[in-house]
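Colleague: Dropping the structure in here first, questions after.
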Amino acid sequence: SSLTIGLIPADGIGKEVIPAARQVLEALPSDLMPAKIQFEDLDAGFELFQKTGTALPEETIQALKGHCDGALFGAVSSPSHKVAGYSSPIVGLRKKLDLYANVRPVLSAAGAKTASGKTRPIDMLIIRENTECLYIKDEELLTDKDGHKYAVAKRKITEFASKRAGQMAFTMALQRDAMRREVTLGERIWKHKPKVTIVHKSNVLSITDGLWRETVREVYESNSEFVKSVDIEEQLVDSMVYRMFREPEAFDVIVAPNMYGDIISDGAAALVGSLGLVPSANVGENFAVGEPVHGSAPDIAGKNIANPIAAIRSAAMLLENKGYNAAASAVYRAADKVLASGKYLTPDLGGNAKTTEVTEAVCREL
Ligand code: NAI
Ligand code: MG
């Protein structure tokens with residue numbers, strides 16, 4: 001059998017970390033990875049837009065929909081100001097392929113220090129709704145009768161999308177015991193009954209976040225397996241950030257609307273040491289796109305110092321999504337071992353290893 005993976009490095013360090021992930025996949029021995037992996041290079045990104053006027057070419061979408069089983073996406077350099085005709089290709093891809101959940105495991109790793117210089121055991125799985133909320137980008141700049149500018153953005157929450165995200169969160173909470181890998185020197189971090197924390201702010205946004213909260217709760221209450229085997233709690237998004245920094249070990253699975261999930265997961269990355277460590281997968285009914293959580297990091301692009309671990313772990317998430325669990329675990333373990341050795345740390349983790357050195361070390365572990 002074979003597995004066809006579309007590779008979309010896009011911009012900045014995406015061009016360095018996606019080739020690193022490919023190199024690791026190619027290093028997988030056949031006893032761990034029974035299917036032959038075929039790669040297909042695909043275009044997208046802001047740099048492509050500047051050259052051609054298109055950020056997400058139709059050929060890329062057709063290739064993904066047509067003959068790819070999954071994809072790896074690097075990062076895009078989306079500008080902070082409005083550029084006529086441009087819209088983010090990863091946001092477009094999520095929509096076109098209906099990748100309705102962004103799954104982000106945040107795991108502490110031996111050898112990697114946190115922002116505060118400490119290492120704490122952290123094993124969270126953030127499920128971020130991926131299709132709506134404020135990111136529908138329904139914004140308008142207006143002028144009032146006195147000539148003052150004001151801007152309005154619509155936020156959309158549907159029962160349909162909230163249900164899918166909730167279903168994914170409880171299902172993954174149950175699967176997690178089976179999936180959970182021994183990340184730090186063989187010790188399992190979360191030792192309690194699976195738990196899902198629903199994040200919202202329905203004390204203020206009682207209609208939109210109210211619908212989100214009620215829908216996710218209904219998913220739980222209408223499934224006796226969930227009620228029996230998973231604990232549930234709620235947390236307002238602001239105190240969620242506070243608690244997450246004070247007691248990250250208190251969280252298992254976290255489910256959040258799009259924008260809260262985006263913010264929480266970057267914050268969670270600081271807890272485990274670097275954005276360069278945190279992978280994600282954009283998951284739909286029958287397609288998945290692995291994507292490091294970080295952006296295109298223009299400040300370090302082109303220097304061969306980007307941390308490739310987030311992209312390598314994203315490749316492992318893609319393997320796991322496709323059912324190649326042995327191969328996925330081997331990649332996770334190889335990355336953990338390289339981090340734990342302390343010999344191959346990129347500058348974001350306080351070392352001076354090159355992207356290519358870290359990648360080669362992971363390949364040797366395999
Ligand atoms: P960023 O994630 O690119 O960088 C934030 C900081 O983390 C920088 O100091 C960077 O050097 C560091 N960093 C990120 N990834 C790293 C890695 N693998 N190894 C070592 N250090 C790493 O976020 P920023 O600076 O806010 O955005 C830069 C550009 O990336 C923007 O144009 C933004 O729109 C885009 N972006 C794209 C995303 C995507 O493609 N999904 C997500 C976030 C931002
Ligand atoms: Mg983000």
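Labels for the structure tokens follow display order: chains A, B, ..., residues from 1 in each chain, ligands from 1.
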With only C-alpha atoms as the counted atoms, please give the residues lying no more than 10 Å from stretch 83-91 of chain A, apart from itself and same-chain residues fewer than 6 positions off, as a PyMOL selection string.
Modeller: chain A and resi 8+10+44-46+49-50+53-57+73-77+99+130-131+135-136+282+289+291
Colleague: Could you please write out, as a PyMOL selection string, every residue of stretch 21-82 of chain A that DSSP assigns to strand (DSSP E or B)?
Modeller: chain A and resi 36-41+70-75
Colleague: Would you mind exporting the chosen residues as a PDB file, in the first residue's frame, restricted to N, CA and C atoms?
Modeller:
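Result written to out_16.pdb:
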```pdb
ATOM      1  N   LYS A  36       4.379   2.567   1.605  1.00  0.00           N
ATOM      2  CA  LYS A  36       5.404   3.403   0.981  1.00  0.00           C
ATOM      3  C   LYS A  36       4.868   4.841   0.928  1.00  0.00           C
ATOM      4  N   ILE A  37       5.683   5.808   1.390  1.00  0.00           N
ATOM      5  CA  ILE A  37       5.208   7.198   1.382  1.00  0.00           C
ATOM      6  C   ILE A  37       5.654   7.894   0.096  1.00  0.00           C
ATOM      7  N   GLN A  38       4.695   8.460  -0.606  1.00  0.00           N
ATOM      8  CA  GLN A  38       4.995   9.273  -1.795  1.00  0.00           C
ATOM      9  C   GLN A  38       4.774  10.733  -1.399  1.00  0.00           C
ATOM     10  N   PHE A  39       5.645  11.590  -1.898  1.00  0.00           N
ATOM     11  CA  PHE A  39       5.490  13.013  -1.581  1.00  0.00           C
ATOM     12  C   PHE A  39       5.125  13.793  -2.832  1.00  0.00           C
ATOM     13  N   GLU A  40       4.306  14.817  -2.644  1.00  0.00           N
ATOM     14  CA  GLU A  40       3.982  15.684  -3.762  1.00  0.00           C
ATOM     15  C   GLU A  40       4.193  17.137  -3.322  1.00  0.00           C
ATOM     16  N   ASP A  41       5.073  17.845  -4.024  1.00  0.00           N
ATOM     17  CA  ASP A  41       5.359  19.238  -3.664  1.00  0.00           C
ATOM     18  C   ASP A  41       4.268  20.163  -4.177  1.00  0.00           C
ATOM     19  N   GLY A  70      -3.210  13.033   2.739  1.00  0.00           N
ATOM     20  CA  GLY A  70      -3.040  13.992   3.814  1.00  0.00           C
ATOM     21  C   GLY A  70      -1.985  14.980   3.374  1.00  0.00           C
ATOM     22  N   ALA A  71      -1.678  15.957   4.217  1.00  0.00           N
ATOM     23  CA  ALA A  71      -0.688  16.954   3.817  1.00  0.00           C
ATOM     24  C   ALA A  71       0.041  17.491   5.029  1.00  0.00           C
ATOM     25  N   LEU A  72       1.186  18.117   4.745  1.00  0.00           N
ATOM     26  CA  LEU A  72       1.925  18.860   5.764  1.00  0.00           C
ATOM     27  C   LEU A  72       2.043  20.297   5.286  1.00  0.00           C
ATOM     28  N   PHE A  73       1.682  21.224   6.157  1.00  0.00           N
ATOM     29  CA  PHE A  73       1.720  22.641   5.827  1.00  0.00           C
ATOM     30  C   PHE A  73       2.748  23.323   6.729  1.00  0.00           C
ATOM     31  N   GLY A  74       3.591  24.214   6.160  1.00  0.00           N
ATOM     32  CA  GLY A  74       4.612  24.899   6.950  1.00  0.00           C
ATOM     33  C   GLY A  74       4.028  26.081   7.693  1.00  0.00           C
ATOM     34  N   ALA A  75       4.142  27.260   7.118  1.00  0.00           N
ATOM     35  CA  ALA A  75       3.589  28.472   7.733  1.00  0.00           C
ATOM     36  C   ALA A  75       3.484  29.543   6.664  1.00  0.00           C
TER      37      ALA A  75
END
```
Colleague: Counting only C-alpha atoms and all ligand atoms, name the residues that have an atom within 9 Å of an atom of ligand 2; the answer should be given as number ranges by chain.
Modeller: A: 259, 261-263, 265-266, 293-295
Colleague: Hey, can you spit out that residue selection with C-alpha atoms as a JSON list (two decimals), in the first residue's frame?
Modeller:
```
[["chain", "number", "residue", "atom", "x", "y", "z"],
["A", 259, "MET", "CA", -10.08, 32.34, 18.61],
["A", 261, "GLY", "CA", -8.27, 28.06, 21.11],
["A", 262, "ASP", "CA", -5.74, 29.92, 18.99],
["A", 263, "ILE", "CA", -4.65, 32.10, 21.90],
["A", 265, "SER", "CA", -2.52, 27.08, 22.41],
["A", 266, "ASP", "CA", 0.21, 29.65, 21.75],
["A", 293, "VAL", "CA", 1.62, 25.77, 15.52],
["A", 294, "HIS", "CA", 4.28, 28.42, 14.88],
["A", 295, "GLY", "CA", 4.29, 30.99, 12.08]]
```
Colleague: Contacts of A:Ala281 at 7 Å or less, counting only C-alpha atoms, minus same-chain residues fewer than 5 places along, as a VMD selection string?
Modeller: chain A and resid 102 to 104 288 to 291 314 317 to 318
Colleague: Would you please work out which residue, of A:Ala297, A:Ile232, A:Met33, A:Ile61, is nearest to ligand 1 when using only C-alpha atoms and all ligand atoms?
Modeller: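 Distance minimum relative to ligand 1 lands on A:Ala297.
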Colleague: Leaving out A:Val237 and any residue of its chain fewer than 2 positions from it, which residues lie within 9 Å of it when counting only C-alpha atoms, given as a list in words?
Modeller: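 My list of contacting residues is Val199, His200, Lys201, Gln235, Ser239, Met240, Val241, Tyr242, Ala256, Tyr260 and Ile264 of chain A.
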Colleague: For the residues selected in the previous step, produce a file with C-alpha atoms as a compact mmCIF listing (two decimals), in the first residue's frame.
Modeller:
```
# COMPACT_ATOMS: atom_id res chain seq x y z
CA VAL A 199 -13.67 26.98 27.48
CA HIS A 200 -16.06 29.88 26.92
CA LYS A 201 -17.02 33.33 28.11
CA GLN A 235 -13.58 27.40 32.53
CA SER A 239 -9.32 32.42 34.11
CA MET A 240 -8.42 29.51 31.82
CA VAL A 241 -5.25 31.37 30.86
CA TYR A 242 -4.55 32.12 34.52
CA ALA A 256 -12.47 25.89 22.73
CA TYR A 260 -9.84 31.31 22.28
CA ILE A 264 -4.63 29.38 24.53
```
Colleague: Between atom CA of A:Ala306 and atom CA of A:Pro9, what is the spacing in Å?
Modeller: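 Taking atom CA of A:Pro9 and atom CA of A:Ala306, their separation equals 13.5 Å.
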Colleague: Show me, as a ChimeraX atom specification, the residues that have an atom within 8 Å of A:Thr197 when counting only C-alpha atoms, minus same-chain residues fewer than 3 positions from it.
Modeller: /A:232-235,251-255
Colleague: From the set A:Glu47, A:Glu140, A:Gly342, A:Glu247, which residue has the shortest atom-to-atom contact distance to A:Gly14, counting only C-alpha atoms?
Modeller: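 Residue with the minimum atom-to-atom distance to A:Gly14: A:Glu47.
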Colleague: Within 10 Å of A:Glu218, counting only C-alpha atoms, which residues qualify if same-chain residues fewer than 6 places away don't, as a PyMOL selection string?
Modeller: chain A and resi 163+166-167+212
Colleague: Would you save the residues of that selection, restricted to C-alpha atoms, as a compact mmCIF listing (two decimals), in the first residue's frame?
Modeller:
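Result file is part-v8.txt:
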```
# COMPACT_ATOMS: atom_id res chain seq x y z
CA LYS A 163 -21.31 19.66 18.10
CA GLY A 166 -17.44 18.61 21.20
CA GLN A 167 -17.78 15.13 19.75
CA TRP A 212 -21.27 26.81 22.24
```
Colleague: Using DSSP on the backbone coordinates, identify the residues of stretch 47-275 of chain A assigned to alpha helix (DSSP H); present them as an NGL selection string.
Modeller: :A and (47-52 or 58-67 or 89-96 or 159-179 or 208-221 or 224-229 or 237-246 or 258-271)
Colleague: Print the selection's residues with C-alpha atoms to a file, as a JSON list (two decimals), in the first residue's frame.
Modeller:
```
[["chain", "number", "residue", "atom", "x", "y", "z"],
["A", 47, "GLU", "CA", 5.44, 34.87, -1.28],
["A", 48, "LEU", "CA", 3.61, 32.96, -4.01],
["A", 49, "PHE", "CA", 0.84, 35.56, -3.86],
["A", 50, "GLN", "CA", 3.38, 38.36, -4.33],
["A", 51, "LYS", "CA", 4.80, 36.58, -7.38],
["A", 52, "THR", "CA", 1.61, 35.31, -9.00],
["A", 58, "GLU", "CA", -6.54, 25.73, -7.57],
["A", 59, "GLU", "CA", -3.99, 23.01, -8.58],
["A", 60, "THR", "CA", -2.96, 22.67, -4.93],
["A", 61, "ILE", "CA", -6.55, 22.15, -3.80],
["A", 62, "GLN", "CA", -7.26, 19.71, -6.63],
["A", 63, "ALA", "CA", -4.10, 17.69, -5.87],
["A", 64, "LEU", "CA", -5.04, 17.48, -2.20],
["A", 65, "LYS", "CA", -8.64, 16.53, -2.89],
["A", 66, "GLY", "CA", -7.73, 14.28, -5.79],
["A", 67, "HIS", "CA", -4.90, 11.97, -4.89],
["A", 89, "PRO", "CA", -4.11, 30.02, 2.40],
["A", 90, "ILE", "CA", -4.18, 27.93, 5.57],
["A", 91, "VAL", "CA", -7.50, 29.46, 6.57],
["A", 92, "GLY", "CA", -8.69, 28.75, 2.99],
["A", 93, "LEU", "CA", -7.44, 25.16, 3.12],
["A", 94, "ARG", "CA", -9.20, 24.49, 6.42],
["A", 95, "LYS", "CA", -12.41, 25.72, 4.85],
["A", 96, "LYS", "CA", -12.08, 24.03, 1.43],
["A", 159, "GLU", "CA", -24.77, 24.30, 16.74],
["A", 160, "PHE", "CA", -23.40, 22.12, 13.93],
["A", 161, "ALA", "CA", -19.74, 23.13, 14.35],
["A", 162, "SER", "CA", -19.91, 23.18, 18.15],
["A", 163, "LYS", "CA", -21.31, 19.66, 18.10],
["A", 164, "ARG", "CA", -18.53, 18.33, 15.87],
["A", 165, "ALA", "CA", -15.85, 19.95, 18.01],
["A", 166, "GLY", "CA", -17.44, 18.61, 21.20],
["A", 167, "GLN", "CA", -17.78, 15.13, 19.75],
["A", 168, "MET", "CA", -14.11, 15.19, 18.77],
["A", 169, "ALA", "CA", -13.05, 16.35, 22.26],
["A", 170, "PHE", "CA", -14.89, 13.60, 24.16],
["A", 171, "THR", "CA", -13.90, 10.93, 21.66],
["A", 172, "MET", "CA", -10.25, 11.92, 21.88],
["A", 173, "ALA", "CA", -10.40, 12.09, 25.66],
["A", 174, "LEU", "CA", -11.45, 8.43, 25.60],
["A", 175, "GLN", "CA", -8.89, 7.42, 23.00],
["A", 176, "ARG", "CA", -6.13, 9.23, 24.76],
["A", 177, "ASP", "CA", -5.29, 6.47, 27.18],
["A", 178, "ALA", "CA", -4.59, 4.19, 24.27],
["A", 179, "MET", "CA", -2.85, 6.90, 22.29],
["A", 208, "THR", "CA", -22.75, 33.00, 21.07],
["A", 209, "ASP", "CA", -20.69, 31.36, 23.80],
["A", 210, "GLY", "CA", -23.95, 30.28, 25.42],
["A", 211, "LEU", "CA", -24.80, 28.24, 22.33],
["A", 212, "TRP", "CA", -21.27, 26.81, 22.24],
["A", 213, "ARG", "CA", -21.38, 25.81, 25.91],
["A", 214, "GLU", "CA", -24.83, 24.26, 25.79],
["A", 215, "THR", "CA", -24.13, 22.35, 22.59],
["A", 216, "VAL", "CA", -20.89, 20.85, 23.88],
["A", 217, "ARG", "CA", -22.61, 19.90, 27.15],
["A", 218, "GLU", "CA", -25.44, 18.25, 25.22],
["A", 219, "VAL", "CA", -22.97, 16.15, 23.24],
["A", 220, "TYR", "CA", -21.68, 14.91, 26.58],
["A", 221, "GLU", "CA", -24.99, 14.36, 28.31],
["A", 224, "SER", "CA", -23.75, 7.44, 28.27],
["A", 225, "GLU", "CA", -20.19, 6.30, 27.50],
["A", 226, "PHE", "CA", -18.95, 9.88, 27.79],
["A", 227, "VAL", "CA", -20.88, 10.43, 31.01],
["A", 228, "LYS", "CA", -19.52, 7.22, 32.50],
["A", 229, "SER", "CA", -15.88, 7.54, 31.48],
["A", 237, "VAL", "CA", -11.37, 31.87, 28.93],
["A", 238, "ASP", "CA", -9.60, 34.54, 30.98],
["A", 239, "SER", "CA", -9.32, 32.42, 34.11],
["A", 240, "MET", "CA", -8.42, 29.51, 31.82],
["A", 241, "VAL", "CA", -5.25, 31.37, 30.86],
["A", 242, "TYR", "CA", -4.55, 32.12, 34.52],
["A", 243, "ARG", "CA", -5.07, 28.53, 35.66],
["A", 244, "MET", "CA", -3.18, 27.11, 32.71],
["A", 245, "PHE", "CA", -0.08, 29.05, 33.73],
["A", 246, "ARG", "CA", -0.43, 28.31, 37.44],
["A", 258, "ASN", "CA", -11.65, 29.14, 17.29],
["A", 259, "MET", "CA", -10.08, 32.34, 18.61],
["A", 260, "TYR", "CA", -9.84, 31.31, 22.28],
["A", 261, "GLY", "CA", -8.27, 28.06, 21.11],
["A", 262, "ASP", "CA", -5.74, 29.92, 18.99],
["A", 263, "ILE", "CA", -4.65, 32.10, 21.90],
["A", 264, "ILE", "CA", -4.63, 29.38, 24.53],
["A", 265, "SER", "CA", -2.52, 27.08, 22.41],
["A", 266, "ASP", "CA", 0.21, 29.65, 21.75],
["A", 267, "GLY", "CA", 0.25, 30.35, 25.50],
["A", 268, "ALA", "CA", 0.49, 26.64, 26.21],
["A", 269, "ALA", "CA", 3.50, 26.48, 23.89],
["A", 270, "ALA", "CA", 5.36, 28.88, 26.21],
["A", 271, "LEU", "CA", 4.75, 26.44, 29.06]]
```
